[in-house]
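Engineer: File name run.pdb; file contents PDB, C-alpha atoms; full text below.
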MODEL        1
ATOM      1  CA  MET A  25       0.000   0.000   0.000  1.00  0.00           C
ATOM      2  CA  LEU A  26       1.346   3.405  -0.955  1.00  0.00           C
ATOM      3  CA  THR A  27       1.240   6.170   1.606  1.00  0.00           C
ATOM      4  CA  LYS A  28       0.361   9.615   0.441  1.00  0.00           C
ATOM      5  CA  GLU A  29       2.769  12.320   1.604  1.00  0.00           C
ATOM      6  CA  LYS A  30       1.311  15.750   2.321  1.00  0.00           C
ATOM      7  CA  GLN A  31       2.650  18.619   0.291  1.00  0.00           C
ATOM      8  CA  THR A  32       4.526  21.031   2.551  1.00  0.00           C
ATOM      9  CA  GLN A  33       6.218  24.375   2.198  1.00  0.00           C
ATOM     10  CA  LYS A  34       9.172  25.573   4.271  1.00  0.00           C
ATOM     11  CA  PHE A  35       8.895  29.061   5.694  1.00  0.00           C
ATOM     12  CA  TYR A  36      12.368  30.052   6.823  1.00  0.00           C
ATOM     13  CA  TRP A  37      13.345  32.325   9.672  1.00  0.00           C
ATOM     14  CA  LEU A  38      14.569  35.485   7.932  1.00  0.00           C
ATOM     15  CA  LYS A  39      17.088  38.153   8.913  1.00  0.00           C
ATOM     16  CA  TYR A  40      16.654  41.886   8.248  1.00  0.00           C
ATOM     17  CA  GLU A  41      19.681  44.038   9.071  1.00  0.00           C
ATOM     18  CA  THR A  42      19.017  47.285  10.971  1.00  0.00           C
ATOM     19  CA  SER A  43      21.270  49.131   8.502  1.00  0.00           C
ATOM     20  CA  ALA A  44      19.119  47.856   5.599  1.00  0.00           C
ATOM     21  CA  ILE A  45      15.952  49.017   7.388  1.00  0.00           C
ATOM     22  CA  GLN A  46      17.431  52.491   7.817  1.00  0.00           C
ATOM     23  CA  THR A  47      18.413  52.567   4.130  1.00  0.00           C
ATOM     24  CA  MET A  48      14.857  51.534   3.153  1.00  0.00           C
ATOM     25  CA  ILE A  49      13.483  54.444   5.182  1.00  0.00           C
ATOM     26  CA  GLN A  50      15.911  56.873   3.518  1.00  0.00           C
ATOM     27  CA  HIS A  51      14.971  55.625   0.026  1.00  0.00           C
ATOM     28  CA  SER A  52      11.210  55.741   0.696  1.00  0.00           C
ATOM     29  CA  PRO A  53      10.187  59.355   1.425  1.00  0.00           C
ATOM     30  CA  GLY A  54       6.923  59.426   3.360  1.00  0.00           C
ATOM     31  CA  ILE A  55       7.029  55.705   4.222  1.00  0.00           C
ATOM     32  CA  ASP A  56       4.171  54.581   6.488  1.00  0.00           C
ATOM     33  CA  GLN A  57       4.532  50.800   6.351  1.00  0.00           C
ATOM     34  CA  PHE A  58       6.899  48.036   5.404  1.00  0.00           C
ATOM     35  CA  VAL A  59       5.269  45.478   3.103  1.00  0.00           C
ATOM     36  CA  PHE A  60       6.734  41.982   2.891  1.00  0.00           C
ATOM     37  CA  CYS A  61       5.974  39.993  -0.268  1.00  0.00           C
ATOM     38  CA  TYR A  62       6.866  36.346  -0.854  1.00  0.00           C
ATOM     39  CA  LEU A  63       9.683  35.432  -3.199  1.00  0.00           C
ATOM     40  CA  PHE A  64      10.438  32.041  -4.703  1.00  0.00           C
ATOM     41  CA  PRO A  65      14.062  32.579  -5.760  1.00  0.00           C
ATOM     42  CA  GLU A  66      15.539  30.707  -8.678  1.00  0.00           C
ATOM     43  CA  THR A  67      17.468  27.857  -7.113  1.00  0.00           C
ATOM     44  CA  ASP A  68      18.539  24.282  -7.591  1.00  0.00           C
ATOM     45  CA  GLN A  69      18.318  23.613  -3.847  1.00  0.00           C
ATOM     46  CA  PRO A  70      15.863  20.831  -2.992  1.00  0.00           C
ATOM     47  CA  ASP A  71      14.540  22.796   0.013  1.00  0.00           C
ATOM     48  CA  LYS A  72      13.010  25.411  -2.314  1.00  0.00           C
ATOM     49  CA  PRO A  73      13.606  28.370  -0.013  1.00  0.00           C
ATOM     50  CA  LEU A  74      10.703  30.747   0.365  1.00  0.00           C
ATOM     51  CA  LYS A  75      11.894  34.244   1.261  1.00  0.00           C
ATOM     52  CA  LEU A  76      10.466  37.714   1.713  1.00  0.00           C
ATOM     53  CA  ILE A  77      11.115  40.975  -0.107  1.00  0.00           C
ATOM     54  CA  ALA A  78      10.547  44.240   1.775  1.00  0.00           C
ATOM     55  CA  TYR A  79       9.074  47.351   0.153  1.00  0.00           C
ATOM     56  CA  GLY A  80       8.166  50.691   1.633  1.00  0.00           C
ATOM     57  CA  TYR A  81       4.565  51.859   1.253  1.00  0.00           C
ATOM     58  CA  MET A  82       3.749  55.577   1.191  1.00  0.00           C
ATOM     59  CA  ALA A  83       0.045  56.095   1.942  1.00  0.00           C
ATOM     60  CA  SER A  84       0.038  59.807   1.075  1.00  0.00           C
ATOM     61  CA  SER A  85       0.968  59.035  -2.544  1.00  0.00           C
ATOM     62  CA  ASN A  86      -0.579  55.534  -2.564  1.00  0.00           C
ATOM     63  CA  GLN A  87       2.579  53.955  -3.945  1.00  0.00           C
ATOM     64  CA  TYR A  88       5.297  51.454  -3.134  1.00  0.00           C
ATOM     65  CA  SER A  89       8.962  52.337  -3.130  1.00  0.00           C
ATOM     66  CA  SER A  90      11.000  51.282  -6.131  1.00  0.00           C
ATOM     67  CA  TYR A  91      13.719  50.361  -3.630  1.00  0.00           C
ATOM     68  CA  PHE A  92      13.428  46.909  -2.002  1.00  0.00           C
ATOM     69  CA  ASP A  93      15.362  44.482   0.180  1.00  0.00           C
ATOM     70  CA  HIS A  94      15.702  40.697   0.169  1.00  0.00           C
ATOM     71  CA  LEU A  95      15.529  39.175   3.633  1.00  0.00           C
ATOM     72  CA  GLU A  96      18.088  36.413   4.050  1.00  0.00           C
ATOM     73  CA  VAL A  97      17.621  32.962   5.563  1.00  0.00           C
ATOM     74  CA  TYR A  98      18.644  32.896   9.223  1.00  0.00           C
ATOM     75  CA  ASN A  99      20.416  29.760  10.531  1.00  0.00           C
ATOM     76  CA  TYR A 100      18.365  27.538   8.193  1.00  0.00           C
ATOM     77  CA  SER A 101      15.606  27.354  10.801  1.00  0.00           C
ATOM     78  CA  ALA A 102      12.234  26.783   9.174  1.00  0.00           C
ATOM     79  CA  LEU A 103       8.594  26.051   9.845  1.00  0.00           C
ATOM     80  CA  SER A 104       7.172  23.361   7.546  1.00  0.00           C
ATOM     81  CA  LEU A 105       3.469  23.812   6.879  1.00  0.00           C
ATOM     82  CA  SER A 106       0.928  21.860   4.940  1.00  0.00           C
ATOM     83  CA  GLY A 107      -2.298  23.464   3.761  1.00  0.00           C
ATOM     84  CA  PRO A 108      -4.572  25.029   3.750  1.00  0.00           C
ATOM     85  CA  ILE A 109      -2.572  28.203   4.330  1.00  0.00           C
ATOM     86  CA  MET A 110      -2.900  31.739   2.987  1.00  0.00           C
ATOM     87  CA  MET A 111       0.315  33.318   1.794  1.00  0.00           C
ATOM     88  CA  SER A 112      -0.421  36.983   1.445  1.00  0.00           C
ATOM     89  CA  ASN A 113       1.650  40.097   1.881  1.00  0.00           C
ATOM     90  CA  ASN A 114       2.568  40.937   5.461  1.00  0.00           C
ATOM     91  CA  ILE A 115       2.807  44.490   6.752  1.00  0.00           C
ATOM     92  CA  ILE A 116       4.299  46.228   9.736  1.00  0.00           C
ATOM     93  CA  SER A 117       3.987  49.925  10.469  1.00  0.00           C
ATOM     94  CA  LEU A 118       6.941  52.288  10.355  1.00  0.00           C
ATOM     95  CA  THR A 119       6.169  53.096  14.004  1.00  0.00           C
ATOM     96  CA  ASN A 120       6.582  49.441  15.005  1.00  0.00           C
ATOM     97  CA  ILE A 121       9.775  48.987  12.955  1.00  0.00           C
ATOM     98  CA  LEU A 122      11.268  52.104  14.534  1.00  0.00           C
ATOM     99  CA  SER A 123      10.286  50.831  17.974  1.00  0.00           C
ATOM    100  CA  LEU A 124      12.040  47.531  17.270  1.00  0.00           C
ATOM    101  CA  ILE A 125      15.295  49.065  16.033  1.00  0.00           C
ATOM    102  CA  ASN A 126      15.487  52.165  18.260  1.00  0.00           C
ATOM    103  CA  THR A 127      14.284  50.942  21.652  1.00  0.00           C
ATOM    104  CA  PRO A 128      17.231  49.780  23.753  1.00  0.00           C
ATOM    105  CA  ASP A 129      17.030  46.762  26.025  1.00  0.00           C
ATOM    106  CA  GLU A 130      17.697  46.896  29.794  1.00  0.00           C
ATOM    107  CA  ASN A 131      21.459  47.191  29.089  1.00  0.00           C
ATOM    108  CA  GLY A 132      21.017  50.066  26.635  1.00  0.00           C
ATOM    109  CA  ASP A 133      21.778  47.902  23.586  1.00  0.00           C
ATOM    110  CA  LYS A 134      19.983  48.342  20.274  1.00  0.00           C
ATOM    111  CA  PRO A 135      19.692  45.512  17.734  1.00  0.00           C
ATOM    112  CA  ASP A 136      21.978  44.942  14.778  1.00  0.00           C
ATOM    113  CA  TYR A 137      19.279  42.931  13.027  1.00  0.00           C
ATOM    114  CA  LEU A 138      15.756  41.561  13.329  1.00  0.00           C
ATOM    115  CA  VAL A 139      14.709  37.946  12.815  1.00  0.00           C
ATOM    116  CA  PHE A 140      11.283  37.224  11.327  1.00  0.00           C
ATOM    117  CA  ILE A 141       9.918  33.918  12.640  1.00  0.00           C
ATOM    118  CA  PRO A 142       7.052  32.355  10.668  1.00  0.00           C
ATOM    119  CA  ASN A 143       3.878  31.214  12.344  1.00  0.00           C
ATOM    120  CA  VAL A 144       0.282  30.520  11.337  1.00  0.00           C
ATOM    121  CA  ASN A 145      -3.048  31.610  12.813  1.00  0.00           C
ATOM    122  CA  ARG A 146      -6.440  30.807  11.260  1.00  0.00           C
ATOM    123  CA  GLY A 147      -4.625  29.742   8.104  1.00  0.00           C
ATOM    124  CA  ASN A 148      -2.757  33.051   7.708  1.00  0.00           C
ATOM    125  CA  VAL A 149       1.039  32.996   7.696  1.00  0.00           C
ATOM    126  CA  PHE A 150       2.491  35.833   9.772  1.00  0.00           C
ATOM    127  CA  TYR A 151       5.847  36.577  11.407  1.00  0.00           C
ATOM    128  CA  SER A 152       6.837  37.316  14.977  1.00  0.00           C
ATOM    129  CA  ILE A 153       9.954  39.437  15.279  1.00  0.00           C
ATOM    130  CA  LYS A 154      12.960  39.133  17.581  1.00  0.00           C
ATOM    131  CA  SER A 155      15.871  41.560  17.951  1.00  0.00           C
ATOM    132  CA  PHE A 156      19.524  40.461  17.987  1.00  0.00           C
ATOM    133  CA  LYS A 157      22.875  42.106  18.703  1.00  0.00           C
ATOM    134  CA  ARG A 158      26.292  40.896  17.564  1.00  0.00           C
ATOM    135  CA  VAL A 159      28.714  40.394  20.459  1.00  0.00           C
ATOM    136  CA  ASP A 160      32.110  38.726  20.869  1.00  0.00           C
ATOM    137  CA  ILE A 161      30.678  35.458  22.181  1.00  0.00           C
ATOM    138  CA  GLY A 162      28.055  35.198  19.417  1.00  0.00           C
ATOM    139  CA  ASP A 163      24.789  36.891  18.618  1.00  0.00           C
ATOM    140  CA  VAL A 164      22.374  37.393  21.502  1.00  0.00           C
ATOM    141  CA  GLU A 165      18.682  38.102  21.562  1.00  0.00           C
ATOM    142  CA  LEU A 166      17.728  41.456  23.036  1.00  0.00           C
ATOM    143  CA  PHE A 167      14.674  41.500  25.230  1.00  0.00           C
ATOM    144  CA  ARG A 168      12.329  44.442  25.281  1.00  0.00           C
ATOM    145  CA  GLU A 169      10.658  45.617  28.448  1.00  0.00           C
ATOM    146  CA  ILE A 170       8.863  42.655  30.041  1.00  0.00           C
ATOM    147  CA  ASN A 171       5.428  44.290  29.839  1.00  0.00           C
ATOM    148  CA  ALA A 172       5.875  45.471  26.255  1.00  0.00           C
ATOM    149  CA  ASN A 173       3.509  43.993  23.696  1.00  0.00           C
ATOM    150  CA  PRO A 174       5.193  41.726  21.139  1.00  0.00           C
ATOM    151  CA  ILE A 175       5.229  43.007  17.571  1.00  0.00           C
ATOM    152  CA  PHE A 176       4.006  40.810  14.723  1.00  0.00           C
ATOM    153  CA  THR A 177       3.517  41.354  11.034  1.00  0.00           C
ATOM    154  CA  ASN A 178      -0.095  41.584   9.910  1.00  0.00           C
ATOM    155  CA  PRO A 179      -0.949  39.411   6.929  1.00  0.00           C
ATOM    156  CA  SER A 180      -2.872  40.761   3.993  1.00  0.00           C
ATOM    157  CA  PRO A 181      -4.793  43.829   4.923  1.00  0.00           C
ATOM    158  CA  PRO A 182      -7.615  43.768   5.922  1.00  0.00           C
ATOM    159  CA  ALA A 183      -6.763  40.517   7.757  1.00  0.00           C
ATOM    160  CA  THR A 184      -5.802  41.181  11.340  1.00  0.00           C
ATOM    161  CA  ILE A 185      -4.331  38.472  13.481  1.00  0.00           C
ATOM    162  CA  SER A 186      -5.455  39.462  16.952  1.00  0.00           C
ATOM    163  CA  ASP A 187      -6.081  36.310  18.976  1.00  0.00           C
ATOM    164  CA  PHE A 188      -2.576  35.025  19.726  1.00  0.00           C
TER     165      PHE A 188
ENDMDL
END
Show me this structure written as structure tokens.
Structural biologist:
Amino acid sequence: MLTKEKQTQKFYWLKYETSAIQTMIQHSPGIDQFVFCYLFPETDQPDKPLKLIAYGYMASSNQYSSYFDHLEVYNYSALSLSGPIMMSNNIISLTNILSLINTPDENGDKPDYLVFIPNVNRGNVFYSIKSFKRVDIGDVELFREINANPIFTNPSPPATISDF
């Protein structure tokens, strides 16, 4: 008897450098939101990496920046999902991005990069975000104030993932 294997897709943890975020802001006058679109890069790797591209969105002119960034795979960590799932654009406000990169932890450290960690809620793929700093002993996660609300991407406006 043949067993039927479920089709799955790997959603990798992705790294977004703070310096790249600042460059995106500089190249996107009037940016209100970061929009993350899926990318299936050309590859001969059997894992078929699914990545994100970041664009700036300027609401006042109702346009996307022509400048964009590719988020890179982080430590080859991945979430394998089988359907049904909805893969739509994810957004995060400029205010939340600035909070993530400019708010120091208890030691006064600010992150060198952010890591986007895939998750799923009600079939929507979204990303939680952690901050990391490079140090001599290896990269360490920075923790925001204990009572601070975690920041997530929001998949496909008008979808709002609110019951975590």
Engineer: Could you build a table of the residues in segment 38-83 of chain A lying no more than 10 Å from segment 94-117 of chain A, giving for each the nearest pair of atoms and their separation in Å rounded to one decimal place, using all atoms listed in the file, ordered by chain and ascending residue number, as JSON lines?
Structural biologist:
{"residue": "A:Leu38", "atom": "CA", "partner": "A:Val97", "partner_atom": "CA", "distance": 4.6}
{"residue": "A:Lys39", "atom": "CA", "partner": "A:Glu96", "partner_atom": "CA", "distance": 5.3}
{"residue": "A:Tyr40", "atom": "CA", "partner": "A:Leu95", "partner_atom": "CA", "distance": 5.5}
{"residue": "A:Glu41", "atom": "CA", "partner": "A:Leu95", "partner_atom": "CA", "distance": 8.4}
{"residue": "A:Ala44", "atom": "CA", "partner": "A:Leu95", "partner_atom": "CA", "distance": 9.6}
{"residue": "A:Ile55", "atom": "CA", "partner": "A:Ser117", "partner_atom": "CA", "distance": 9.0}
{"residue": "A:Asp56", "atom": "CA", "partner": "A:Ser117", "partner_atom": "CA", "distance": 6.1}
{"residue": "A:Gln57", "atom": "CA", "partner": "A:Ser117", "partner_atom": "CA", "distance": 4.2}
{"residue": "A:Phe58", "atom": "CA", "partner": "A:Ile116", "partner_atom": "CA", "distance": 5.4}
{"residue": "A:Val59", "atom": "CA", "partner": "A:Ile115", "partner_atom": "CA", "distance": 4.5}
{"residue": "A:Phe60", "atom": "CA", "partner": "A:Asn114", "partner_atom": "CA", "distance": 5.0}
{"residue": "A:Cys61", "atom": "CA", "partner": "A:Asn113", "partner_atom": "CA", "distance": 4.8}
{"residue": "A:Tyr62", "atom": "CA", "partner": "A:Asn113", "partner_atom": "CA", "distance": 7.0}
{"residue": "A:Leu63", "atom": "CA", "partner": "A:His94", "partner_atom": "CA", "distance": 8.7}
{"residue": "A:Pro73", "atom": "CA", "partner": "A:Val97", "partner_atom": "CA", "distance": 8.3}
{"residue": "A:Leu74", "atom": "CA", "partner": "A:Val97", "partner_atom": "CA", "distance": 8.9}
{"residue": "A:Lys75", "atom": "CA", "partner": "A:Leu95", "partner_atom": "CA", "distance": 6.6}
{"residue": "A:Leu76", "atom": "CA", "partner": "A:Leu95", "partner_atom": "CA", "distance": 5.6}
{"residue": "A:Ile77", "atom": "CA", "partner": "A:His94", "partner_atom": "CA", "distance": 4.6}
{"residue": "A:Ala78", "atom": "CA", "partner": "A:His94", "partner_atom": "CA", "distance": 6.5}
{"residue": "A:Tyr79", "atom": "CA", "partner": "A:His94", "partner_atom": "CA", "distance": 9.4}
{"residue": "A:Gly80", "atom": "CA", "partner": "A:Ile115", "partner_atom": "CA", "distance": 9.7}
{"residue": "A:Tyr81", "atom": "CA", "partner": "A:Ile115", "partner_atom": "CA", "distance": 9.4}
Engineer: If we count only C-alpha atoms, what is near Phe140 of chain A at a cut-off of 7 Å, once residues fewer than 2 positions away on the same chain are taken out, given as a list in words?
Structural biologist: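 Close residues of Phe140 of chain A: Trp37, Leu38, Lys39, Leu138, Pro142, Tyr151, Ser152, Ile153 and Lys154 of chain A.
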Engineer: Ranking A:Gly54, A:Ser155, A:Gln33, A:Asn178 by minimum distance to Thr127 of chain A and counting only C-alpha atoms, which one comes first?
Structural biologist: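 Comparing A:Gly54, A:Ser155, A:Gln33, A:Asn178 against Thr127 of chain A, the winner is A:Ser155.
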Engineer: Considering all atoms listed in the file, state which residue in the set A:Tyr137, A:Asn120, A:Asn86, A:Gln31 is at the smallest distance from Arg158 of chain A.
Structural biologist: A:Tyr137
Engineer: Give me, please, the distance in Å between atom CA of Ser123 of chain A and atom CA of Phe92 of chain A, quoted to one decimal.
Structural biologist: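 So the answer is 20.6 Å.
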Engineer: Would you please work out which residue, of A:Val149, A:Ile45, A:Ala83, A:Val164, is nearest to Phe176 of chain A when using only C-alpha atoms?
Structural biologist: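 Closest to Phe176 of chain A, using only C-alpha atoms: A:Val149.
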Engineer: For atom CA of Asp129 of chain A and atom CA of Phe167 of chain A, determine how far apart the two atoms are, in Å to one decimal place.
Structural biologist: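 We find that atom CA of Asp129 of chain A and atom CA of Phe167 of chain A lie 5.8 Å from each other.
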